[in-house]
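Structure below is start_35.pdb: PDB, C-alpha atoms and all ligand atoms.
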MODEL        1
ATOM      1  CA  MET A1471      -4.978  17.316  -0.305
ATOM      2  CA  SER A1472      -4.693  19.604   2.744
ATOM      3  CA  GLN A1473      -3.410  17.976   5.894
ATOM      4  CA  GLN A1474      -5.946  17.436   8.646
ATOM      5  CA  VAL A1475      -4.596  18.240  12.123
ATOM      6  CA  SER A1476      -6.643  15.854  14.254
ATOM      7  CA  ARG A1477      -7.156  12.196  13.431
ATOM      8  CA  VAL A1478     -10.255  11.149  11.550
ATOM      9  CA  ALA A1479     -12.859   9.749  13.962
ATOM     10  CA  MET A1480     -14.036   6.181  13.512
ATOM     11  CA  PRO A1481     -17.770   5.951  12.724
ATOM     12  CA  ALA A1482     -19.666   3.822  15.230
ATOM     13  CA  GLN A1483     -23.148   2.466  15.707
ATOM     14  CA  ASP A1484     -25.566   4.721  17.542
ATOM     15  CA  PRO A1485     -25.938   3.518  21.170
ATOM     16  CA  GLU A1486     -29.690   3.122  20.711
ATOM     17  CA  ILE A1487     -29.087   0.767  17.812
ATOM     18  CA  ARG A1488     -26.088  -1.075  19.139
ATOM     19  CA  ASN A1489     -27.800  -2.008  22.387
ATOM     20  CA  LYS A1490     -30.115  -4.222  20.292
ATOM     21  CA  ASN A1491     -27.548  -6.171  18.288
ATOM     22  CA  PHE A1492     -24.250  -8.030  18.557
ATOM     23  CA  SER A1493     -22.596  -6.440  15.539
ATOM     24  CA  GLU A1494     -19.313  -4.550  15.757
ATOM     25  CA  VAL A1495     -19.647  -1.155  17.386
ATOM     26  CA  ALA A1496     -16.894   0.478  15.320
ATOM     27  CA  LEU A1497     -17.866   0.555  11.662
ATOM     28  CA  GLY A1498     -14.522   1.207  10.004
ATOM     29  CA  TYR A1499     -13.319   3.999   7.753
ATOM     30  CA  THR A1500     -14.770   4.788   4.356
ATOM     31  CA  GLU A1501     -12.265   5.204   1.513
ATOM     32  CA  GLU A1502     -12.471   8.978   1.847
ATOM     33  CA  MET A1503     -11.788   8.849   5.591
ATOM     34  CA  ALA A1504      -8.874   6.436   5.124
ATOM     35  CA  LEU A1505      -7.261   8.650   2.488
ATOM     36  CA  ILE A1506      -7.602  11.780   4.644
ATOM     37  CA  GLU A1507      -6.089   9.977   7.641
ATOM     38  CA  ALA A1508      -3.313   8.472   5.507
ATOM     39  CA  GLU A1509      -2.347  12.004   4.409
ATOM     40  CA  ARG A1510      -1.553  12.836   8.039
ATOM     41  CA  CYS A1511       1.390  10.413   8.000
ATOM     42  CA  LEU A1512       4.767  12.066   7.428
ATOM     43  CA  LEU A1513       6.202   8.882   5.869
ATOM     44  CA  CYS A1514       9.185   9.253   8.200
ATOM     45  CA  LYS A1515      12.582   8.049   6.965
ATOM     46  CA  ASN A1516      13.303   6.700  10.442
ATOM     47  CA  PRO A1517       9.804   5.666  11.510
ATOM     48  CA  GLN A1518       9.495   5.348  15.270
ATOM     49  CA  CYS A1519       6.072   3.738  14.872
ATOM     50  CA  VAL A1520       7.714   0.611  13.425
ATOM     51  CA  LYS A1521       9.858   0.317  16.556
ATOM     52  CA  GLY A1522       6.663   0.207  18.594
ATOM     53  CA  CYS A1523       5.178  -2.618  16.527
ATOM     54  CA  PRO A1524       5.969  -6.097  17.927
ATOM     55  CA  VAL A1525       6.142  -7.575  14.399
ATOM     56  CA  GLU A1526       7.751  -4.485  12.813
ATOM     57  CA  VAL A1527       5.152  -3.869  10.136
ATOM     58  CA  ASP A1528       6.436  -1.378   7.532
ATOM     59  CA  ILE A1529       3.849   1.201   8.596
ATOM     60  CA  PRO A1530       4.879   4.120   6.351
ATOM     61  CA  GLY A1531       5.219   1.593   3.528
ATOM     62  CA  PHE A1532       1.630   0.372   3.687
ATOM     63  CA  ILE A1533       0.295   3.890   4.298
ATOM     64  CA  LYS A1534       2.194   5.232   1.253
ATOM     65  CA  LYS A1535       0.659   2.555  -0.968
ATOM     66  CA  LEU A1536      -2.773   3.356   0.455
ATOM     67  CA  ARG A1537      -2.264   7.039  -0.353
ATOM     68  CA  GLU A1538      -1.367   6.090  -3.907
ATOM     69  CA  LYS A1539      -4.596   4.013  -3.974
ATOM     70  CA  ASP A1540      -2.462   0.959  -4.671
ATOM     71  CA  MET A1541      -4.533  -1.279  -2.426
ATOM     72  CA  GLU A1542      -2.959  -4.555  -3.513
ATOM     73  CA  GLY A1543       0.462  -3.075  -2.843
ATOM     74  CA  SER A1544      -0.670  -1.876   0.558
ATOM     75  CA  VAL A1545      -1.990  -5.343   1.454
ATOM     76  CA  LYS A1546       1.269  -6.901   0.294
ATOM     77  CA  VAL A1547       3.368  -4.630   2.536
ATOM     78  CA  LEU A1548       1.050  -5.222   5.491
ATOM     79  CA  LYS A1549       0.914  -8.992   5.093
ATOM     80  CA  GLY A1550       4.664  -9.183   4.582
ATOM     81  CA  LYS A1551       5.021  -8.957   8.351
ATOM     82  CA  ASN A1552       1.569  -9.642   9.712
ATOM     83  CA  SER A1553      -0.632 -12.590   8.778
ATOM     84  CA  LEU A1554      -3.651 -11.275  10.702
ATOM     85  CA  PRO A1555      -3.994  -7.560   9.894
ATOM     86  CA  ALA A1556      -7.798  -7.497  10.166
ATOM     87  CA  VAL A1557      -7.491  -8.844  13.712
ATOM     88  CA  CYS A1558      -4.567  -6.623  14.714
ATOM     89  CA  GLY A1559      -6.251  -3.542  13.233
ATOM     90  CA  ARG A1560      -9.089  -4.187  15.659
ATOM     91  CA  VAL A1561      -7.590  -5.575  18.855
ATOM     92  CA  CYS A1562      -3.928  -4.533  19.051
ATOM     93  CA  PRO A1563      -3.316  -1.955  21.787
ATOM     94  CA  GLN A1564      -1.984   0.566  19.233
ATOM     95  CA  GLU A1565      -2.186   3.369  21.763
ATOM     96  CA  SER A1566       0.633   1.746  23.739
ATOM     97  CA  GLN A1567       2.566   0.344  20.753
ATOM     98  CA  CYS A1568       2.940   1.853  17.253
ATOM     99  CA  GLU A1569       0.732   4.904  17.835
ATOM    100  CA  ALA A1570       2.473   5.638  21.144
ATOM    101  CA  LYS A1571       5.720   6.112  19.174
ATOM    102  CA  CYS A1572       4.251   8.064  16.238
ATOM    103  CA  ILE A1573       6.034  11.397  15.822
ATOM    104  CA  LYS A1574       2.722  13.147  15.176
ATOM    105  CA  GLY A1575       1.710  12.341  18.733
ATOM    106  CA  ILE A1576       4.329  14.697  20.180
ATOM    107  CA  LYS A1577       2.451  17.856  19.282
ATOM    108  CA  GLY A1578      -0.970  16.444  18.547
ATOM    109  CA  GLU A1579      -2.693  13.195  17.796
ATOM    110  CA  PRO A1580      -0.779  10.213  16.383
ATOM    111  CA  VAL A1581      -1.731   8.778  13.020
ATOM    112  CA  ALA A1582      -4.596   6.277  13.423
ATOM    113  CA  ILE A1583      -2.397   3.383  12.300
ATOM    114  CA  GLY A1584      -4.731   0.667  13.586
ATOM    115  CA  ARG A1585      -7.745   2.129  11.804
ATOM    116  CA  LEU A1586      -5.786   2.315   8.551
ATOM    117  CA  GLU A1587      -4.573  -1.248   9.018
ATOM    118  CA  ARG A1588      -8.158  -2.373   9.536
ATOM    119  CA  TYR A1589      -9.293  -0.477   6.439
ATOM    120  CA  VAL A1590      -6.663  -2.098   4.201
ATOM    121  CA  ALA A1591      -7.245  -5.580   5.672
ATOM    122  CA  ASP A1592     -11.028  -5.254   5.266
ATOM    123  CA  TRP A1593     -10.539  -4.185   1.638
ATOM    124  CA  ASP A1594      -8.545  -7.382   1.153
ATOM    125  CA  LEU A1595     -11.203  -9.523   2.831
ATOM    126  CA  ALA A1596     -14.010  -7.890   0.814
ATOM    127  CA  ARG A1597     -12.348  -8.931  -2.435
ATOM    128  CA  GLY A1598     -12.074 -12.503  -1.145
ATOM    129  CA  ALA A1599      -8.441 -12.220   0.049
ATOM    130  CA  GLU A1600      -5.740 -14.078  -1.760
ATOM    131  CA  THR A1601      -6.320 -17.824  -1.493
ATOM    132  CA  PRO A1602      -3.168 -19.433  -0.174
ATOM    133  CA  VAL A1603      -1.574 -21.835  -2.616
ATOM    134  CA  LYS A1604      -1.238 -25.356  -1.247
ATOM    135  CA  PRO A1605       2.447 -25.871  -0.494
ATOM    136  CA  GLU A1606       4.444 -28.685  -2.029
ATOM    137  CA  PRO A1607       5.090 -31.406   0.559
ATOM    138  CA  LYS A1608       8.678 -31.400   1.888
ATOM    139  CA  ASN A1609       8.410 -34.598   3.887
ATOM    140  CA  LYS A1610       8.635 -32.710   7.138
ATOM    141  CA  LYS A1611       5.868 -32.426   9.674
ATOM    142  CA  VAL A1612       5.263 -29.650  12.139
ATOM    143  CA  ALA A1613       2.513 -29.625  14.740
ATOM    144  CA  VAL A1614       1.158 -26.289  15.913
ATOM    145  CA  ILE A1615      -0.716 -26.553  19.172
ATOM    146  CA  GLY A1616      -3.390 -23.938  19.729
ATOM    147  CA  ALA A1617      -5.427 -21.888  17.288
ATOM    148  CA  GLY A1618      -4.980 -18.428  18.771
ATOM    149  CA  PRO A1619      -3.213 -15.574  16.951
ATOM    150  CA  ALA A1620       0.247 -17.047  17.661
ATOM    151  CA  GLY A1621      -0.707 -20.539  16.480
ATOM    152  CA  LEU A1622      -2.423 -19.257  13.338
ATOM    153  CA  THR A1623       0.511 -16.998  12.510
ATOM    154  CA  ALA A1624       3.035 -19.801  13.075
ATOM    155  CA  ALA A1625       1.014 -22.150  10.847
ATOM    156  CA  GLY A1626       0.634 -19.489   8.147
ATOM    157  CA  ASP A1627       4.326 -18.563   8.179
ATOM    158  CA  LEU A1628       5.418 -22.206   8.097
ATOM    159  CA  ALA A1629       3.122 -22.819   5.130
ATOM    160  CA  LYS A1630       4.677 -19.800   3.338
ATOM    161  CA  MET A1631       8.173 -21.142   4.061
ATOM    162  CA  ALA A1632       7.192 -24.525   2.665
ATOM    163  CA  MET A1633       6.326 -22.775  -0.608
ATOM    164  CA  THR A1634       9.719 -21.125  -1.047
TER
HETATM  165  S1  LIG B1701       5.871   7.810  13.060
HETATM  166 FE1  LIG B1701       3.759   8.471  12.538
HETATM  167  S2  LIG B1701       4.079   9.991  10.948
HETATM  168 FE2  LIG B1701       5.991   8.811  11.058
HETATM  169  S3  LIG B1701       5.782   7.118   9.564
HETATM  170 FE3  LIG B1701       5.016   6.360  11.538
HETATM  171  S4  LIG B1701       2.792   6.740  11.453
HETATM  172 FE4  LIG B1701       3.728   8.046   9.877
ENDMDL
END
Could the structure of this file be written out as structure tokens, please?
Ligand code: SF4
Amino acid sequence: MSQQVSRVAMPAQDPEIRNKNFSEVALGYTEEMALIEAERCLLCKNPQCVKGCPVEVDIPGFIKKLREKDMEGSVKVLKGKNSLPAVCGRVCPQESQCEAKCIKGIKGEPVAIGRLERYVADWDLARGAETPVKPEPKNKKVAVIGAGPAGLTAAGDLAKMAMT
């Protein structure tokens, strides 16, 4: 596959249509778009993008799996560090975090990491996402106050720890 210089644009609703509904404006990548964008990544050995990610997602790792069309593997890498990839792929300020550090941004446009994250997370959701296994009780109780991204992530990570 030849390497595209500029990042693949995100399809969006036409303004004349979107001003009559409350659906998402950005429509997400198709498989073809995601694979073309994924090819732009250099799979750096010392990935600066990861240093820009607050939860240190293995960005080249999930992109490599996506390129290989190993979607389950890609989801696994992504969710290894981030419990809410569909949310982060949409609302994280990537332009000032991971994408701001991407080496491709020095001489051109950075890899569209957030759009690829969204694509992989949406693939996972479309197949019904893995249902979490109910953890065995360990006779310890933890209360998580708040149901925002931090609270949900803390609850999810604690549940995972209870399973190990
Ligand atoms: S810095 Fe950019 S090119 Fe390098 S691994 Fe990260 S996303 Fe890919």
Legend entry - Best match for closeness to A:Leu1497 among A:Pro1555, A:Pro1481, A:Gly1584, A:Pro1619, counting all atoms listed in the file: A:Pro1481
Assuming the chain letters and numbering stay as they are in my file, what does the PyMOL selection byres (((chain A and resi 1548-1550) around 8) and not hetatm) actually select? List them as an mmCIF file with C-alpha atoms, in the frame of the given file.
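Output file part_25.cif follows:
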data_model
loop_
_atom_site.group_PDB
_atom_site.id
_atom_site.type_symbol
_atom_site.label_atom_id
_atom_site.label_comp_id
_atom_site.auth_asym_id
_atom_site.auth_seq_id
_atom_site.Cartn_x
_atom_site.Cartn_y
_atom_site.Cartn_z
ATOM 1 C CA VAL A 1527 5.152 -3.869 10.136
ATOM 2 C CA ASP A 1528 6.436 -1.378 7.532
ATOM 3 C CA ILE A 1529 3.849 1.201 8.596
ATOM 4 C CA PHE A 1532 1.630 0.372 3.687
ATOM 5 C CA SER A 1544 -0.670 -1.876 0.558
ATOM 6 C CA VAL A 1545 -1.990 -5.343 1.454
ATOM 7 C CA LYS A 1546 1.269 -6.901 0.294
ATOM 8 C CA VAL A 1547 3.368 -4.630 2.536
ATOM 9 C CA LYS A 1551 5.021 -8.957 8.351
ATOM 10 C CA ASN A 1552 1.569 -9.642 9.712
ATOM 11 C CA SER A 1553 -0.632 -12.590 8.778
ATOM 12 C CA LEU A 1554 -3.651 -11.275 10.702
ATOM 13 C CA PRO A 1555 -3.994 -7.560 9.894
ATOM 14 C CA GLU A 1587 -4.573 -1.248 9.018
#
Legend entry - Selection within 8 Å of ligand LIG 1701 (chain B) by only C-alpha atoms and all ligand atoms, output as a list in words: Arg1510, Cys1511, Leu1512, Leu1513, Cys1514, Lys1515, Asn1516, Pro1517, Gln1518, Cys1519, Val1520, Ile1529, Pro1530, Ile1533, Cys1568, Glu1569, Lys1571, Cys1572, Ile1573, Lys1574, Gly1575, Pro1580, Val1581, Ala1582 and Ile1583 of chain A
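With all atoms listed in the file as the atoms that count, the residue of A:Thr1500, A:Gln1567, A:Asn1609, A:Asn1489 with the shortest distance to A:Val1525 is A:Gln1567.
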Legend entry - Residues matched by the PyMOL selection byres (((chain A and resi 1614) around 12) and not hetatm), written as a PyMOL selection string: chain A and resi 1611-1613+1615-1629
Assuming 6 Å of padding per side, give the centre and edge lengths of the axis-aligned box around every listed atom of stretch 1564-1581 of chain A, in Å to one decimal and as JSON.
{"center_x": 1.7, "center_y": 9.1, "center_z": 18.4, "size_x": 20.7, "size_y": 29.5, "size_z": 22.7}
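Atom to atom, atom CA of A:Val1495 and atom CA of A:Ala1482 stand 5.4 Å apart.
Distance-wise, atom CA of A:Ala1479 and atom CA of A:Lys1539 end up 20.6 Å apart.
Note that the spacing between atom CA of A:Tyr1589 and atom CA of A:Tyr1499 amounts to 6.2 Å.
Considering all atoms listed in the file, the residue among A:Val1557, A:Ile1576, A:Val1590, A:Ala1570 positioned nearest to A:Glu1501 is A:Val1590.
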